[in-house]
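K.L.:
Encoded as structure tokens, here's the structure I'll be asking about.
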There are 4 protein chains.
Amino acid sequence: MGSYRVAVVGAAGYAGEDLVRLLSRHPGVTLWLLTSRMHRGKRAEEVISGLPDAAGELVFEEPEISRLCQADLIFLALPHGTAAEYAVPLREAGKIVIDLSADFRLRNPRRYEVDYGWSHPAPMLLSKAVYALPELRRQRIRQADLLAMPGCYPTSILLALYPALAAGWLREEGIVACSLSGTSGAGRRPEVPLLFSEMSENARPYGVPRHRHMAEMEQEIDLLAGRKVDLTFVPHLIPLARGILSTIVCSLGVDIRPEDARAHYLSSYRDEAFVRVLPLGDLPAIRHVVRTNRAEIALECDVARRRLFLFCAIDNLGKGAAGQAVQAMNIRLGLPEEEGLLW
Amino acid sequence: MGSYRVAVVGAAGYAGEDLVRLLSRHPGVTLWLLTSRMHRGKRAEEVISGLPDAAGELVFEEPEISRLCQADLIFLALPHGTAAEYAVPLREAGKIVIDLSADFRLRNPRRYEVDYGWSHPAPMLLSKAVYALPELRRQRIRQADLLAMPGCYPTSILLALYPALAAGWLREEGIVACSLSGTSGAGRRPEVPLLFSEMSENARPYGVPRHRHMAEMEQEIDLLAGRKVDLTFVPHLIPLARGILSTIVCSLGVDIRPEDARAHYLSSYRDEAFVRVLPLGDLPAIRHVVRTNRAEIALECDVARRRLFLFCAIDNLGKGAAGQAVQAMNIRLGLPEEEGLLW
Amino acid sequence: MGSYRVAVVGAAGYAGEDLVRLLSRHPGVTLWLLTSRMHRGKRAEEVISGLPDAAGELVFEEPEISRLCQADLIFLALPHGTAAEYAVPLREAGKIVIDLSADFRLRNPRRYEVDYGWSHPAPMLLSKAVYALPELRRQRIRQADLLAMPGCYPTSILLALYPALAAGWLREEGIVACSLSGTSGAGRRPEVPLLFSEMSENARPYGVPRHRHMAEMEQEIDLLAGRKVDLTFVPHLIPLARGILSTIVCSLGVDIRPEDARAHYLSSYRDEAFVRVLPLGDLPAIRHVVRTNRAEIALECDVARRRLFLFCAIDNLGKGAAGQAVQAMNIRLGLPEEEGLLW
Amino acid sequence: MGSYRVAVVGAAGYAGEDLVRLLSRHPGVTLWLLTSRMHRGKRAEEVISGLPDAAGELVFEEPEISRLCQADLIFLALPHGTAAEYAVPLREAGKIVIDLSADFRLRNPRRYEVDYGWSHPAPMLLSKAVYALPELRRQRIRQADLLAMPGCYPTSILLALYPALAAGWLREEGIVACSLSGTSGAGRRPEVPLLFSEMSENARPYGVPRHRHMAEMEQEIDLLAGRKVDLTFVPHLIPLARGILSTIVCSLGVDIRPEDARAHYLSSYRDEAFVRVLPLGDLPAIRHVVRTNRAEIALECDVARRRLFLFCAIDNLGKGAAGQAVQAMNIRLGLPEEEGLLW
């Protein structure tokens, strides 16, 4: 068992459950404490399948700050707006906090208010938080104590766009991102539209004209591009439980051959264990990344019309949530970055 | 538009919705009134897809007896226990009632109490009700004013067993029925275990040792056999929205060749529009009966071991609920039995 | 039985099978002849579920021109390139031909050669063919004897775009269409990537940078707009059997309020039985149109950024193939346009 | 990298692929050689997703005995009948062979001939093979050089039955096993009935009256019971890619309380890492065991009617194939039995 004690708050949601699965087998940390209001008093193995014995016997507790402070590092897998309530006292107590909600992703609290509909509950902490996409912020993650994990859609879209944005290839207007998501992205909420009876043989768009993830994508894209970029985003719910596939269409401001574009992508992600740039002609498929922390990225060019097509597949609960949070933890704690990332 | 006015109480559940779809295009009746507490005040087309204009513009009402009495015939698509509250006053008002719940399926109110957990709310009506499986009770349906529609599992199992029971082939012990059902069988209830995220790539048994449908199956099987028969029943939830497949294993008390067994089945269902006995060697598949009122039945024999295998596929919302209810209505009203049974 | 004799060539593919289902219950025509090389000699009911008795007893034949000429109207549900072999002699014999392949969709045979990879097999017939999207070409369909049914993706995209293009709202550049399709769109081909084991919990893009349906969409969009329009199209395969959902993002060249945009759409499709324009705020879902001939269309505006979002859901085998072909037949034969369009 | 060199013959089928995934991360062995006729010359990562770098760069070879003999242990993931061709020379060369086919499961070559339709290709090896169900044959596996891995259905059914059979609870007649399987059980074969378009929203029985797995189940059940036991088995294909759920109904020859029955099961599997006996009242679900090597077993009693219900869920490619083969390898090589069994 590892020397760091970790806790998971909100351990019975889909992301929380996967955090527990990963951390329970992680050699560098000890899973110390699980909380779940709904399952308080139950043993973890009654709720989460596939746990090793030690983790399975942990008992879900009420989330209390004093108990949580016995851990070194706390994962918050809570609804937006609720996470901040825990982050504030835990940071005051000097704990490392890895937050999977949207509460600390935006630098500007007004943007948060616009998209989430309430005042930011802890604006003073925003400047301390790092938007913890490991491939873009590894250095800052090493030194931060409040890691705001990116949303699942933004992870897939930013990883696909980053090399193109950094190279300055794109024209100002016209990034259109069309994403397909599994139903677990909506959480473990008992709602009629998420029933199997409703979603089997079904698919539907939602979240237009402005999905909540727009703000963090705009923030990060503008930073990467060094200017204001116009993004259009349409998410869709499709009949699978896990996985996101993002398709992005961009206008190129330069002439570029597909082989050169791919070479740049390969070089951008050369040292990344969790990003795979596919050969030209290959396109990603969700089944290749489900229950992994990997992103599969492909690109295609329509040279004559100066169009760049980007594709990225991830597991929304893996690289899009629990897996990426463990990856960020590994970076922060100085552990090998790939450790403990097998489901 | 047909000359009979019909109403559907509980029109926004899965069975209710299919009743509305079928009745709205039925040439022999006029869909007069829809009720739904949850959707009161909405137009039907806001809730139910694919309706013709006239039906789409009906407005969901509160279920009130005085309003319901303006119809000639009332379908009750309500939870068990609730249906009786409506059936009593509607019968007192002389209306024809077709009830899709379990409330009037059992002759013996004590059996109801055992399996449903509460006293029967209207025991005096039980002797007036007909267990309305059309292939077995056509004559009685013609004259009854309270039709208790069979459950979906019992429909599939009784149709498969009836010719064998009637022929006296079976030994006393050992009918084992194993049924697979789609998730719509559990109703439109927002519960976590019924979420797409939980049921995709999943399957699970439930309802052992005694599912609520046992009582009506025992009642009907014993009647058909003319003696007490021992039935074991295990239902399973599988990842599809609609459909039931029942597999039944019986011990034969007589020697019978498969061809003769099939000939007897063909002859038993010779005049039935909605039962198809498959050729020997063929086995039913749910996809062949989804959104139909048909049952596909097959049989296979293990002659040496005197085992009879019976198989029956239906749509749980079609022949297992709404379709069969419309078929029963057609019989009761003297309309052509196949009328209006296209989805 | 109707007075027109109709034949279906290629009756055992997915579109052919649905044609047979629809035509077998169509009161205005008599299903006269079915062909299928693979199933030659079998009765239709052995291959296609849910047929009425008369149709079920038809026997699949080899497709021979002399036999086909006994019908008045012939549906060709054949692979691209093969349909023309039948269309030429059937047209010479004076028969009405409704072709579901791509063979007669393009006016310019060179475009066909580019996208399909072989010379057009019957270029002289192209000028006689009508691109038979009923909502756009009703008058011409009435008088044509060679109807080229639109592809499934183009149907969904053209129906969504038509009112906006006709109104001249769109800027020249930047129509991005992202479509999700069920696996039946790939036909009944036994290929590993189409297995349930591969597609369950999977999704993947394909057909970039240039899917074969681009040519017909470009041809029709340019006609509607009266100028060259730049279209980008990315199709995706998602884990459902039937259905297409297209999401289209456009740049507006004019200021328009969502209510006015919707009013224009409502008015454009006012008399159309098979197009439903959803209320603002609603978005289409595939499950509402599966096994129907309907298209559900919605729109949304981002006024500040002058973006128009269009959405269209259809059944790829219904409005995208067999249903629309029957609708076109009804128009051509002077039958009521909605007749026989219930599955 | 581990000190034993292992090879996988038939590495591109579903079981082969999962063997490669597991062995590539197994600390006790070195994945040395992969063969696939179809993919000869391709790198493993082009065909199998999610491999670590070293394994991903292995190149699929033709299966040649001389090359295979460079490994210490060879997994055969080949069709029935083909595996024996490799097993004979590899055993002559002194190699350890773990065969996932049915070729060495039956002691009696005549039973093989009856169920598989051809003479056994290597009857002299049958007496050397061990039916390698680890929970029942751990001692013999330690010393055998030809391990015949059990079929997926038999694994689920034997694990569920073993404690009851060993205790002598069952009456002679009447074990009825009803199993539900995912489509990957049929292999990666491009056949129309296995297409997503055919299996979505579908389910169907097959393999009656006698599935090929009957012979090995009868052989093993009779051994466990010490007498001839009458088994009936009906497999079903359901719409999921991975997983098996078996439901077994037995007649009890003794009176036994559910708590005592469960206590006996718990005690029978007390030291087993991969078998979990659920609490009374809980029933297994496929999603809890997918991508694991675990079996979840539950039981229920109908005391009055002396019926025992047994349930077992496994992953057909995990505990039912690749996982169990790795478990058997661990036992044979003296490695920790749980090593390398994370997907």
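Chain lettering (A, B, ...) mirrors the order of the structure tokens, residue numbering begins at 1 for each chain separately, and ligand numbering begins at 1 in order of display.
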Using only C-alpha atoms, which chain A residues lie at most 10 Å away from chain B, written as a ChimeraX atom specification?

P.N.:
/A:14,182-201,239-242

K.L.:
Go through region 90-254 of chain D and collect every residue that DSSP, computed from the backbone, puts in helix (DSSP H, G or I); the answer should be as a ChimeraX atom specification.

P.N.:
/D:90-92,109-116,123-128,134-143,152-166,183-186,192-194,196-199,214-225

K.L.:
Can you tell me which residues surround Val277 (chain A) at a distance of at most 12 Å, considering only C-alpha atoms, apart from same-chain residues fewer than 2 positions away, and format the answer as a count of residues only?

P.N.:
35

K.L.:
Enter the distance from CA of Ile256 (chain C) to CA of Tyr162 (chain C), in Å, rounded to one decimal.

P.N.:
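If I compute the distance from CA of Ile256 (chain C) to CA of Tyr162 (chain C), I get 16.3 Å.
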
K.L.:
Using only C-alpha atoms, which protein or nucleic acid residues come within 10 Å of Gly323 (chain B)? Drop anything in the same chain fewer than 6 positions from it, and give the result as a VMD selection string.

P.N.:
chain B and resid 15 18 to 19 22 to 23 291 to 294 315 to 317 329 338 340 to 343

K.L.:
Name the closest residue to Leu106 (chain C) among the candidates C:Gly151, C:Gln327, C:Ser3, C:Cys301; distances are taken between atoms, counting only C-alpha atoms.

P.N.:
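Between C:Gly151, C:Gln327, C:Ser3, C:Cys301, the residue approaching Leu106 (chain C) most closely is C:Gly151.
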
K.L.:
Could you jot down the CA of Pro63 (chain C) to CA of Arg37 (chain C) separation for me, Å, one decimal place?

P.N.:
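So the answer is 7.3 Å.
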
K.L.:
Could you tell me how far CA of Tyr131 (chain D) lies from CA of His80 (chain D), in Å and to one decimal?

P.N.:
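Straight-line distance from CA of Tyr131 (chain D) to CA of His80 (chain D) works out to 15.3 Å.
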
K.L.:
Step one, run DSSP on the backbone; step two, keep only residues of region 60-239 of chain B assigned to strand (DSSP E); then write them as a list of chain:residue names.

P.N.:
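Secondary structure check on region 60-239 of chain B, strand (DSSP E): B:Leu73, B:Ile74, B:Phe75, B:Leu76, B:Ile96, B:Val97, B:Ile98, B:Asp99, B:Val130, B:Tyr131, B:Leu146, B:Leu147, B:Ala148, B:Ile175, B:Val176, B:Ala177, B:Cys178, B:Ser179, B:Leu180, B:Ser181, B:Arg204, B:Pro205, B:Leu231, B:Thr232, B:Phe233, B:Val234, B:Pro235, B:His236, B:Leu237.
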
K.L.:
Find the residues around Ala148 (chain D) up to 10 Å (only C-alpha atoms counted), leave out those fewer than 2 positions away in its own chain, and share them as a compact mmCIF listing (two decimals) with all heavy atoms, in the first residue's frame.

P.N.:
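Saved to part37.txt:
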```txt
# COMPACT_ATOMS: atom_id res chain seq x y z
N LEU D 76 -3.38 -21.86 -27.49
CA LEU D 76 -4.06 -22.09 -28.77
C LEU D 76 -5.46 -21.52 -28.69
O LEU D 76 -6.30 -21.99 -27.91
CB LEU D 76 -4.12 -23.59 -29.09
CG LEU D 76 -2.78 -24.33 -29.14
CD1 LEU D 76 -3.01 -25.82 -29.41
CD2 LEU D 76 -1.85 -23.74 -30.20
N VAL D 97 1.09 -26.64 -23.39
CA VAL D 97 0.04 -26.16 -24.30
C VAL D 97 -1.23 -25.87 -23.49
O VAL D 97 -1.69 -26.73 -22.73
CB VAL D 97 -0.25 -27.21 -25.39
CG1 VAL D 97 -1.45 -26.78 -26.24
CG2 VAL D 97 0.98 -27.41 -26.27
N ILE D 98 -1.75 -24.67 -23.68
CA ILE D 98 -3.04 -24.32 -23.07
C ILE D 98 -4.00 -24.07 -24.22
O ILE D 98 -3.86 -23.12 -24.98
CB ILE D 98 -2.91 -23.08 -22.16
CG1 ILE D 98 -1.91 -23.37 -21.04
CG2 ILE D 98 -4.28 -22.69 -21.60
CD1 ILE D 98 -1.78 -22.26 -19.99
N ASP D 99 -4.97 -24.98 -24.34
CA ASP D 99 -5.85 -24.98 -25.51
C ASP D 99 -7.23 -24.46 -25.13
O ASP D 99 -7.89 -25.02 -24.26
CB ASP D 99 -5.95 -26.41 -26.05
CG ASP D 99 -6.89 -26.49 -27.24
OD1 ASP D 99 -7.11 -25.45 -27.90
OD2 ASP D 99 -7.41 -27.59 -27.50
N LEU D 100 -7.65 -23.40 -25.82
CA LEU D 100 -8.98 -22.84 -25.52
C LEU D 100 -10.09 -23.49 -26.35
O LEU D 100 -11.26 -23.17 -26.14
CB LEU D 100 -8.98 -21.32 -25.73
CG LEU D 100 -8.35 -20.52 -24.59
CD1 LEU D 100 -6.83 -20.54 -24.66
CD2 LEU D 100 -8.85 -19.10 -24.56
N SER D 101 -9.75 -24.35 -27.27
CA SER D 101 -10.79 -25.00 -28.09
C SER D 101 -11.38 -26.19 -27.33
O SER D 101 -11.00 -26.49 -26.20
CB SER D 101 -10.19 -25.50 -29.40
OG SER D 101 -9.62 -26.79 -29.24
N ALA D 102 -12.31 -26.86 -27.99
CA ALA D 102 -12.95 -28.03 -27.37
C ALA D 102 -12.16 -29.31 -27.61
O ALA D 102 -12.56 -30.38 -27.13
CB ALA D 102 -14.36 -28.20 -27.93
N ASP D 103 -11.00 -29.22 -28.29
CA ASP D 103 -10.38 -30.46 -28.78
C ASP D 103 -9.94 -31.43 -27.70
O ASP D 103 -9.86 -32.64 -27.95
CB ASP D 103 -9.20 -30.12 -29.70
CG ASP D 103 -9.67 -29.71 -31.10
OD1 ASP D 103 -10.90 -29.67 -31.32
OD2 ASP D 103 -8.82 -29.42 -31.95
N PHE D 104 -9.61 -30.94 -26.53
CA PHE D 104 -9.11 -31.87 -25.51
C PHE D 104 -9.94 -31.87 -24.23
O PHE D 104 -9.47 -32.28 -23.17
CB PHE D 104 -7.63 -31.56 -25.22
CG PHE D 104 -6.78 -31.74 -26.44
CD1 PHE D 104 -6.39 -30.65 -27.20
CD2 PHE D 104 -6.43 -33.01 -26.86
CE1 PHE D 104 -5.66 -30.82 -28.37
CE2 PHE D 104 -5.69 -33.20 -28.03
CZ PHE D 104 -5.30 -32.10 -28.78
N ARG D 105 -11.18 -31.44 -24.35
CA ARG D 105 -12.02 -31.37 -23.15
C ARG D 105 -12.67 -32.71 -22.80
O ARG D 105 -13.02 -32.94 -21.65
CB ARG D 105 -13.14 -30.34 -23.36
CG ARG D 105 -12.63 -28.91 -23.45
CD ARG D 105 -13.80 -27.97 -23.75
NE ARG D 105 -13.32 -26.65 -24.10
CZ ARG D 105 -14.03 -25.76 -24.76
NH1 ARG D 105 -15.26 -26.06 -25.15
NH2 ARG D 105 -13.53 -24.57 -25.04
N LEU D 106 -12.88 -33.55 -23.81
CA LEU D 106 -13.64 -34.78 -23.59
C LEU D 106 -12.69 -35.97 -23.48
O LEU D 106 -11.79 -36.14 -24.30
CB LEU D 106 -14.61 -34.99 -24.76
CG LEU D 106 -15.65 -33.87 -24.94
CD1 LEU D 106 -16.48 -34.13 -26.17
CD2 LEU D 106 -16.50 -33.74 -23.71
N LEU D 126 -5.81 -37.46 -25.43
CA LEU D 126 -6.91 -37.11 -24.54
C LEU D 126 -6.64 -37.49 -23.09
O LEU D 126 -6.99 -36.76 -22.16
CB LEU D 126 -8.22 -37.78 -25.01
CG LEU D 126 -8.78 -37.22 -26.32
CD1 LEU D 126 -10.03 -37.99 -26.74
CD2 LEU D 126 -9.10 -35.74 -26.16
N LYS D 128 -3.91 -37.45 -21.61
CA LYS D 128 -2.90 -36.58 -21.01
C LYS D 128 -3.46 -35.20 -20.64
O LYS D 128 -2.82 -34.45 -19.91
CB LYS D 128 -1.74 -36.35 -22.02
CG LYS D 128 -1.14 -37.61 -22.61
CD LYS D 128 -0.35 -38.37 -21.56
CE LYS D 128 0.13 -39.73 -22.07
NZ LYS D 128 1.05 -39.67 -23.19
N ALA D 129 -4.60 -34.87 -21.23
CA ALA D 129 -5.13 -33.53 -21.03
C ALA D 129 -5.89 -33.43 -19.71
O ALA D 129 -6.49 -34.39 -19.24
CB ALA D 129 -6.07 -33.16 -22.18
N VAL D 130 -5.84 -32.24 -19.12
CA VAL D 130 -6.63 -31.96 -17.91
C VAL D 130 -7.72 -30.95 -18.28
O VAL D 130 -7.44 -29.96 -18.95
CB VAL D 130 -5.73 -31.38 -16.80
CG1 VAL D 130 -6.57 -30.81 -15.67
CG2 VAL D 130 -4.79 -32.45 -16.30
N TYR D 131 -8.93 -31.23 -17.84
CA TYR D 131 -10.04 -30.27 -18.02
C TYR D 131 -9.79 -29.17 -16.98
O TYR D 131 -10.07 -29.34 -15.79
CB TYR D 131 -11.37 -30.98 -17.80
CG TYR D 131 -12.58 -30.13 -18.12
CD1 TYR D 131 -12.99 -29.95 -19.45
CD2 TYR D 131 -13.31 -29.52 -17.11
CE1 TYR D 131 -14.11 -29.19 -19.74
CE2 TYR D 131 -14.43 -28.75 -17.41
CZ TYR D 131 -14.82 -28.58 -18.73
OH TYR D 131 -15.93 -27.81 -19.02
N ALA D 132 -9.26 -28.04 -17.44
CA ALA D 132 -8.56 -27.13 -16.54
C ALA D 132 -9.44 -26.06 -15.90
O ALA D 132 -9.16 -24.87 -15.99
CB ALA D 132 -7.38 -26.52 -17.29
N LEU D 133 -10.49 -26.47 -15.23
CA LEU D 133 -11.28 -25.52 -14.44
C LEU D 133 -10.55 -25.36 -13.10
O LEU D 133 -10.55 -26.27 -12.28
CB LEU D 133 -12.70 -26.07 -14.26
CG LEU D 133 -13.76 -25.14 -13.69
CD1 LEU D 133 -13.90 -23.84 -14.48
CD2 LEU D 133 -15.12 -25.82 -13.66
N ILE D 141 -3.80 -29.36 -12.57
CA ILE D 141 -3.28 -28.34 -13.48
C ILE D 141 -1.78 -28.11 -13.21
O ILE D 141 -1.00 -27.90 -14.13
CB ILE D 141 -4.07 -27.01 -13.32
CG1 ILE D 141 -5.51 -27.20 -13.83
CG2 ILE D 141 -3.39 -25.86 -14.03
CD1 ILE D 141 -6.46 -26.06 -13.51
N ALA D 144 0.15 -30.76 -15.25
CA ALA D 144 -0.20 -31.16 -16.62
C ALA D 144 0.50 -30.27 -17.65
O ALA D 144 0.80 -29.11 -17.39
CB ALA D 144 -1.70 -31.09 -16.80
N ASP D 145 0.73 -30.83 -18.82
CA ASP D 145 1.34 -30.06 -19.89
C ASP D 145 0.39 -29.80 -21.04
O ASP D 145 0.74 -29.12 -22.01
CB ASP D 145 2.59 -30.80 -20.41
CG ASP D 145 3.69 -30.78 -19.36
OD1 ASP D 145 3.79 -29.76 -18.63
OD2 ASP D 145 4.42 -31.77 -19.27
N LEU D 146 -0.80 -30.34 -20.93
CA LEU D 146 -1.83 -30.05 -21.93
C LEU D 146 -3.11 -29.69 -21.17
O LEU D 146 -3.76 -30.56 -20.59
CB LEU D 146 -2.06 -31.27 -22.84
CG LEU D 146 -3.19 -31.14 -23.88
CD1 LEU D 146 -3.08 -29.87 -24.71
CD2 LEU D 146 -3.21 -32.36 -24.79
N PRO D 150 -12.01 -25.08 -20.17
CA PRO D 150 -13.45 -25.34 -20.31
C PRO D 150 -14.13 -24.31 -21.22
O PRO D 150 -13.65 -23.19 -21.37
CB PRO D 150 -13.98 -25.18 -18.88
CG PRO D 150 -12.80 -25.35 -18.01
CD PRO D 150 -11.63 -24.83 -18.78
N GLY D 151 -15.24 -24.69 -21.79
CA GLY D 151 -16.06 -23.75 -22.55
C GLY D 151 -16.66 -22.69 -21.63
O GLY D 151 -16.66 -22.83 -20.40
N ALA D 325 -7.74 -18.88 -18.81
CA ALA D 325 -6.53 -19.50 -19.38
C ALA D 325 -5.28 -18.92 -18.72
O ALA D 325 -4.31 -19.64 -18.46
CB ALA D 325 -6.50 -19.30 -20.89
N ALA D 328 -5.06 -20.41 -15.29
CA ALA D 328 -4.51 -21.77 -15.37
C ALA D 328 -3.00 -21.74 -15.61
O ALA D 328 -2.24 -22.51 -15.02
CB ALA D 328 -5.22 -22.55 -16.47
```

K.L.:
Extract, using only C-alpha atoms, all DNA, RNA and protein residues at most 9 Å from Ile331 (chain A), discarding same-chain residues fewer than 3 positions from it, and format them as a list in words.

P.N.:
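Residues near the query, excluding close chain neighbours: Pro134, Arg138, Gln139, Ile141, Arg142, Val326, Gln327, Ala328, Gly334, Leu335, Pro336 and Glu337 of chain A.
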
K.L.:
Let me see the file: selected residues, N, CA and C atoms, as a short mmCIF file (atom, residue, chain, number, x, y, z; two decimals), in the first residue's frame.

P.N.:
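See out11.cif below for the written result:
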```cif
data_model
loop_
_atom_site.label_atom_id
_atom_site.label_comp_id
_atom_site.auth_asym_id
_atom_site.auth_seq_id
_atom_site.Cartn_x
_atom_site.Cartn_y
_atom_site.Cartn_z
N PRO A 134 -3.29 17.40 -18.10
CA PRO A 134 -1.87 17.08 -17.92
C PRO A 134 -1.00 17.38 -19.14
N ARG A 138 1.49 20.26 -17.34
CA ARG A 138 2.18 19.34 -16.43
C ARG A 138 3.00 20.08 -15.37
N GLN A 139 3.72 21.11 -15.81
CA GLN A 139 4.57 21.83 -14.84
C GLN A 139 3.74 22.47 -13.74
N ILE A 141 0.80 21.65 -12.71
CA ILE A 141 0.16 20.64 -11.86
C ILE A 141 1.11 20.18 -10.76
N ARG A 142 2.39 20.09 -11.09
CA ARG A 142 3.38 19.64 -10.10
C ARG A 142 3.37 20.49 -8.84
N VAL A 326 -6.54 10.69 -11.76
CA VAL A 326 -5.45 9.89 -11.18
C VAL A 326 -4.12 10.25 -11.86
N GLN A 327 -4.17 10.48 -13.16
CA GLN A 327 -2.96 10.92 -13.86
C GLN A 327 -2.44 12.23 -13.25
N ALA A 328 -3.36 13.16 -13.00
CA ALA A 328 -2.97 14.44 -12.40
C ALA A 328 -2.40 14.23 -10.99
N GLY A 334 4.47 13.24 -7.69
CA GLY A 334 5.79 12.77 -8.13
C GLY A 334 5.85 11.28 -8.37
N LEU A 335 4.70 10.66 -8.56
CA LEU A 335 4.68 9.22 -8.88
C LEU A 335 4.78 9.04 -10.40
N PRO A 336 5.14 7.82 -10.83
CA PRO A 336 5.18 7.59 -12.29
C PRO A 336 3.80 7.89 -12.88
N GLU A 337 3.80 8.63 -13.98
CA GLU A 337 2.52 9.16 -14.48
C GLU A 337 1.54 8.08 -14.91
#
```
